[in-house]
file model-v4.pdb (PDB, C-alpha atoms, pLDDT in the B column)
ATOM      1  CA  MET A   1     -73.450   2.358 -79.274  1.00 90.00           C
ATOM      2  CA  LYS A   2     -76.406   4.233 -80.766  1.00 91.00           C
ATOM      3  CA  ALA A   3     -74.196   5.475 -83.610  1.00 95.00           C
ATOM      4  CA  VAL A   4     -73.272   1.856 -84.453  1.00 95.00           C
ATOM      5  CA  TYR A   5     -76.932   0.795 -84.674  1.00 96.00           C
ATOM      6  CA  ASP A   6     -77.798   3.924 -86.677  1.00 96.00           C
ATOM      7  CA  ALA A   7     -75.035   3.207 -89.218  1.00 96.00           C
ATOM      8  CA  PHE A   8     -76.103  -0.448 -89.435  1.00 95.00           C
ATOM      9  CA  ASN A   9     -79.728   0.552 -90.027  1.00 95.00           C
ATOM     10  CA  ARG A  10     -78.584   2.858 -92.865  1.00 96.00           C
ATOM     11  CA  ARG A  11     -76.432   0.016 -94.299  1.00 95.00           C
ATOM     12  CA  ASP A  12     -73.539   2.451 -94.106  1.00 96.00           C
ATOM     13  CA  ARG A  13     -70.385   0.327 -94.412  1.00 95.00           C
ATOM     14  CA  GLU A  14     -68.052   3.356 -94.385  1.00 97.00           C
ATOM     15  CA  GLY A  15     -69.811   4.846 -91.370  1.00 97.00           C
ATOM     16  CA  LEU A  16     -69.553   1.559 -89.483  1.00 96.00           C
ATOM     17  CA  SER A  17     -65.907   1.214 -90.415  1.00 97.00           C
ATOM     18  CA  ALA A  18     -65.171   4.605 -88.856  1.00 97.00           C
ATOM     19  CA  LEU A  19     -66.877   3.491 -85.622  1.00 97.00           C
ATOM     20  CA  MET A  20     -64.862   0.250 -85.291  1.00 97.00           C
ATOM     21  CA  ASP A  21     -61.413  -0.308 -83.866  1.00 98.00           C
ATOM     22  CA  PRO A  22     -59.189  -2.059 -86.464  1.00 97.00           C
ATOM     23  CA  GLU A  23     -58.834  -4.954 -83.984  1.00 98.00           C
ATOM     24  CA  VAL A  24     -62.581  -5.280 -83.288  1.00 98.00           C
ATOM     25  CA  VAL A  25     -63.826  -8.696 -82.178  1.00 98.00           C
ATOM     26  CA  PHE A  26     -67.431  -9.801 -82.643  1.00 96.00           C
ATOM     27  CA  GLU A  27     -68.587 -13.029 -81.036  1.00 96.00           C
ATOM     28  CA  GLU A  28     -71.879 -14.859 -80.807  1.00 92.00           C
ATOM     29  CA  ALA A  29     -72.703 -16.015 -77.285  1.00 93.00           C
ATOM     30  CA  GLU A  30     -74.831 -18.895 -78.600  1.00 88.00           C
ATOM     31  CA  ARG A  31     -73.993 -21.181 -81.517  1.00 83.00           C
ATOM     32  CA  ARG A  32     -76.041 -20.281 -84.607  1.00 76.00           C
ATOM     33  CA  GLY A  33     -75.702 -23.026 -87.189  1.00 76.00           C
ATOM     34  CA  ASP A  34     -72.339 -24.173 -88.511  1.00 78.00           C
ATOM     35  CA  ARG A  35     -70.742 -20.770 -88.993  1.00 73.00           C
ATOM     36  CA  PRO A  36     -67.857 -19.533 -86.840  1.00 74.00           C
ATOM     37  CA  ARG A  37     -68.906 -17.820 -83.609  1.00 87.00           C
ATOM     38  CA  GLU A  38     -66.159 -15.192 -83.758  1.00 91.00           C
ATOM     39  CA  ARG A  39     -65.016 -12.606 -86.277  1.00 94.00           C
ATOM     40  CA  ARG A  40     -61.745 -10.739 -85.720  1.00 96.00           C
ATOM     41  CA  GLY A  41     -60.792  -7.515 -87.450  1.00 97.00           C
ATOM     42  CA  ARG A  42     -62.730  -4.677 -88.996  1.00 97.00           C
ATOM     43  CA  GLU A  43     -62.867  -5.971 -92.588  1.00 95.00           C
ATOM     44  CA  ARG A  44     -63.972  -9.446 -91.534  1.00 94.00           C
ATOM     45  CA  LEU A  45     -66.738  -8.008 -89.363  1.00 94.00           C
ATOM     46  CA  LEU A  46     -67.842  -5.599 -92.101  1.00 95.00           C
ATOM     47  CA  ASP A  47     -68.025  -8.513 -94.567  1.00 94.00           C
ATOM     48  CA  TYR A  48     -70.197 -10.429 -92.085  1.00 90.00           C
ATOM     49  CA  LEU A  49     -72.501  -7.428 -91.606  1.00 91.00           C
ATOM     50  CA  SER A  50     -72.750  -6.992 -95.383  1.00 92.00           C
ATOM     51  CA  SER A  51     -73.951 -10.607 -95.600  1.00 91.00           C
ATOM     52  CA  TRP A  52     -76.700  -9.640 -93.110  1.00 86.00           C
ATOM     53  CA  TRP A  53     -77.786  -6.828 -95.396  1.00 91.00           C
ATOM     54  CA  ASP A  54     -77.772  -9.206 -98.363  1.00 94.00           C
ATOM     55  CA  ALA A  55     -80.061 -11.631 -96.504  1.00 94.00           C
ATOM     56  CA  TRP A  56     -82.621  -8.999 -95.493  1.00 94.00           C
ATOM     57  CA  GLU A  57     -84.822  -6.858 -97.722  1.00 95.00           C
ATOM     58  CA  THR A  58     -85.443  -4.642 -94.694  1.00 95.00           C
ATOM     59  CA  VAL A  59     -83.938  -4.800 -91.211  1.00 94.00           C
ATOM     60  CA  HIS A  60     -83.993  -2.295 -88.352  1.00 96.00           C
ATOM     61  CA  TRP A  61     -82.448  -2.494 -84.872  1.00 96.00           C
ATOM     62  CA  GLU A  62     -83.979  -0.421 -82.070  1.00 97.00           C
ATOM     63  CA  VAL A  63     -82.510  -0.317 -78.569  1.00 97.00           C
ATOM     64  CA  TYR A  64     -85.248  -0.636 -75.954  1.00 97.00           C
ATOM     65  CA  GLU A  65     -82.874  -0.828 -72.972  1.00 97.00           C
ATOM     66  CA  GLY A  66     -79.286   0.302 -72.573  1.00 97.00           C
ATOM     67  CA  ARG A  67     -76.923   0.289 -69.593  1.00 97.00           C
ATOM     68  CA  GLU A  68     -73.311   1.270 -69.105  1.00 96.00           C
ATOM     69  CA  GLU A  69     -71.079   0.020 -66.310  1.00 94.00           C
ATOM     70  CA  GLY A  70     -67.369  -0.460 -65.891  1.00 88.00           C
ATOM     71  CA  GLY A  71     -66.539   0.397 -69.495  1.00 91.00           C
ATOM     72  CA  ARG A  72     -69.121  -2.044 -70.850  1.00 97.00           C
ATOM     73  CA  VAL A  73     -72.398  -1.286 -72.605  1.00 98.00           C
ATOM     74  CA  LEU A  74     -75.468  -3.542 -72.586  1.00 98.00           C
ATOM     75  CA  SER A  75     -77.887  -2.993 -75.479  1.00 98.00           C
ATOM     76  CA  LEU A  76     -81.163  -4.914 -75.595  1.00 98.00           C
ATOM     77  CA  CYS A  77     -82.830  -4.514 -78.977  1.00 98.00           C
ATOM     78  CA  ASN A  78     -85.951  -5.181 -80.986  1.00 98.00           C
ATOM     79  CA  VAL A  79     -84.989  -6.357 -84.458  1.00 97.00           C
ATOM     80  CA  ARG A  80     -87.628  -6.003 -87.153  1.00 97.00           C
ATOM     81  CA  GLY A  81     -87.345  -6.874 -90.788  1.00 96.00           C
ATOM     82  CA  ARG A  82     -88.250  -8.923 -93.813  1.00 97.00           C
ATOM     83  CA  PRO A  83     -85.898 -11.641 -95.034  1.00 96.00           C
ATOM     84  CA  ARG A  84     -85.148 -11.412 -98.749  1.00 95.00           C
ATOM     85  CA  GLY A  85     -87.442 -13.543-100.885  1.00 95.00           C
ATOM     86  CA  THR A  86     -90.337 -13.539 -98.409  1.00 95.00           C
ATOM     87  CA  ASP A  87     -93.371 -11.385 -97.778  1.00 95.00           C
ATOM     88  CA  GLN A  88     -93.319 -12.063 -94.037  1.00 96.00           C
ATOM     89  CA  ASP A  89     -92.056  -9.463 -91.570  1.00 97.00           C
ATOM     90  CA  ILE A  90     -90.447 -10.840 -88.431  1.00 96.00           C
ATOM     91  CA  GLU A  91     -89.584  -9.387 -85.062  1.00 97.00           C
ATOM     92  CA  ARG A  92     -87.270 -10.709 -82.395  1.00 96.00           C
ATOM     93  CA  ARG A  93     -85.155  -9.489 -79.542  1.00 98.00           C
ATOM     94  CA  MET A  94     -81.383  -9.613 -79.382  1.00 97.00           C
ATOM     95  CA  GLY A  95     -78.738  -8.156 -77.136  1.00 98.00           C
ATOM     96  CA  HIS A  96     -75.107  -7.048 -77.171  1.00 98.00           C
ATOM     97  CA  ILE A  97     -72.490  -6.475 -74.510  1.00 98.00           C
ATOM     98  CA  SER A  98     -69.889  -4.149 -76.000  1.00 98.00           C
ATOM     99  CA  ARG A  99     -66.652  -2.391 -75.092  1.00 98.00           C
ATOM    100  CA  PHE A 100     -64.985   0.573 -76.766  1.00 96.00           C
ATOM    101  CA  ARG A 101     -61.413   1.857 -77.102  1.00 96.00           C
ATOM    102  CA  ASP A 102     -60.766   5.490 -77.985  1.00 95.00           C
ATOM    103  CA  GLY A 103     -64.448   5.894 -78.875  1.00 93.00           C
ATOM    104  CA  ARG A 104     -64.488   2.941 -81.307  1.00 97.00           C
ATOM    105  CA  LEU A 105     -66.138  -0.458 -80.958  1.00 97.00           C
ATOM    106  CA  LEU A 106     -63.502  -2.931 -79.736  1.00 98.00           C
ATOM    107  CA  HIS A 107     -65.523  -5.982 -78.681  1.00 98.00           C
ATOM    108  CA  SER A 108     -69.158  -6.995 -79.005  1.00 97.00           C
ATOM    109  CA  ARG A 109     -70.791 -10.178 -77.772  1.00 97.00           C
ATOM    110  CA  SER A 110     -74.139 -10.906 -79.451  1.00 96.00           C
ATOM    111  CA  TYR A 111     -77.039 -12.713 -77.758  1.00 97.00           C
ATOM    112  CA  VAL A 112     -80.239 -14.239 -79.071  1.00 96.00           C
ATOM    113  CA  ASP A 113     -81.315 -14.754 -75.443  1.00 97.00           C
ATOM    114  CA  VAL A 114     -81.727 -11.226 -74.027  1.00 97.00           C
ATOM    115  CA  ASP A 115     -82.241 -12.551 -70.488  1.00 97.00           C
ATOM    116  CA  ARG A 116     -78.849 -14.269 -70.695  1.00 97.00           C
ATOM    117  CA  ALA A 117     -77.318 -11.035 -72.011  1.00 98.00           C
ATOM    118  CA  ALA A 118     -78.666  -9.142 -68.982  1.00 98.00           C
ATOM    119  CA  ARG A 119     -77.445 -11.849 -66.567  1.00 97.00           C
ATOM    120  CA  ASP A 120     -74.000 -11.934 -68.178  1.00 97.00           C
ATOM    121  CA  PHE A 121     -73.772  -8.139 -68.008  1.00 98.00           C
ATOM    122  CA  GLU A 122     -74.645  -8.195 -64.304  1.00 96.00           C
ATOM    123  CA  ALA A 123     -71.999 -10.919 -63.781  1.00 96.00           C
ATOM    124  CA  GLY A 124     -69.333  -8.760 -65.438  1.00 95.00           C
ATOM    125  CA  VAL A 125     -69.051 -10.663 -68.726  1.00 92.00           C
ATOM    126  CA  GLY A 126     -67.874  -8.708 -71.719  1.00 82.00           C
TER     127      GLY A 126
END

call {"tool": "encode", "arguments": {"input": "model-v4.pdb", "output": "structure tokens"}}
result
Amino acid sequence: MKAVYDAFNRRDREGLSALMDPEVVFEEAERRGDRPRERRGRERLLDYLSSWWDAWETVHWEVYEGREEGGRVLSLCNVRGRPRGTDQDIERRMGHISRFRDGRLLHSRSYVDVDRAARDFEAGVG
């Protein structure tokens, strides 16, 4: 999972593409506005991630806790950055429960609530 975060931090679309299964699914555990909670397929997910880069002047994900169990990976992260058009840096925590197939990201569930991410991981979600 570290390679995925590293490629994201570099804004490396091609690098991320190589790390994703063509059938990758990305879902948000909590509703975030009116947008869809799920993205299916590599190109759709890459387009979504590109929109993240467009919205942020700077953004950096750093894993502060990671666990692997039963083919699943829990990543709890500090996210730091500056939204485009502001002079205010922000920091928040987020989490992911992810699965891989043949060394490529197959499924990732994203959490704003890192405590929920940890509980769901312990309960076998993902």

call {"tool": "closest_residue", "arguments": {"input": "model-v4.pdb", "among": "A:Arg82, A:Arg44, A:Arg35, A:Arg72", "to": "A:Pro22", "atoms": "all atoms listed in the file"}}
result
A:Arg44

call {"tool": "closest_residue", "arguments": {"input": "model-v4.pdb", "among": "A:Asp21, A:Glu122, A:Glu43, A:Asp102", "to": "A:Arg67", "atoms": "all atoms listed in the file"}}
result
A:Glu122

call {"tool": "residues_near_point", "arguments": {"input": "model-v4.pdb", "point": "(-70.6, -0.7, -70.2)", "cutoff": "9 Å", "atoms": "all atoms listed in the file", "output": "list in words"}}
result
Arg67, Glu68, Glu69, Gly70, Gly71, Arg72, Val73, Leu74, Ile97, Ser98, Arg99, Phe100, Phe121 and Gly126 of chain A

call {"tool": "closest_residue", "arguments": {"input": "model-v4.pdb", "among": "A:Arg32, A:His107, A:His60, A:Arg37", "to": "A:Tyr5", "atoms": "all atoms listed in the file"}}
result
A:His60

call {"tool": "residues_near_point", "arguments": {"input": "model-v4.pdb", "point": "(-61.6, -5.2, -89.9)", "cutoff": "10 Å", "atoms": "all atoms listed in the file", "output": "VMD selection string"}}
result
chain A and resid 17 20 to 25 39 to 47

call {"tool": "resolve_selection", "arguments": {"input": "model-v4.pdb", "expression": "the PyMOL selection byres ((chain A and resi 93) around 9)", "output": "PyMOL selection string"}}
result
chain A and resi 76-80+91-92+94-95+111-114

call {"tool": "atom_distance", "arguments": {"input": "model-v4.pdb", "atom1": "atom CA of A:Arg13", "atom2": "atom CA of A:Tyr48"}}
result
11.0 Å

call {"tool": "residues_around", "arguments": {"input": "model-v4.pdb", "residues": "A:Arg109", "least_positions_apart": "3", "cutoff": "6 Å", "atoms": "all atoms listed in the file", "output": "MDAnalysis selection string"}}
result
chainID A and resid 26:28 96:97

call {"tool": "resolve_selection", "arguments": {"input": "model-v4.pdb", "expression": "the PyMOL selection byres ((chain A and resi 84) around 10)", "output": "PyMOL selection string"}}
result
chain A and resi 53-58+81-83+85-88
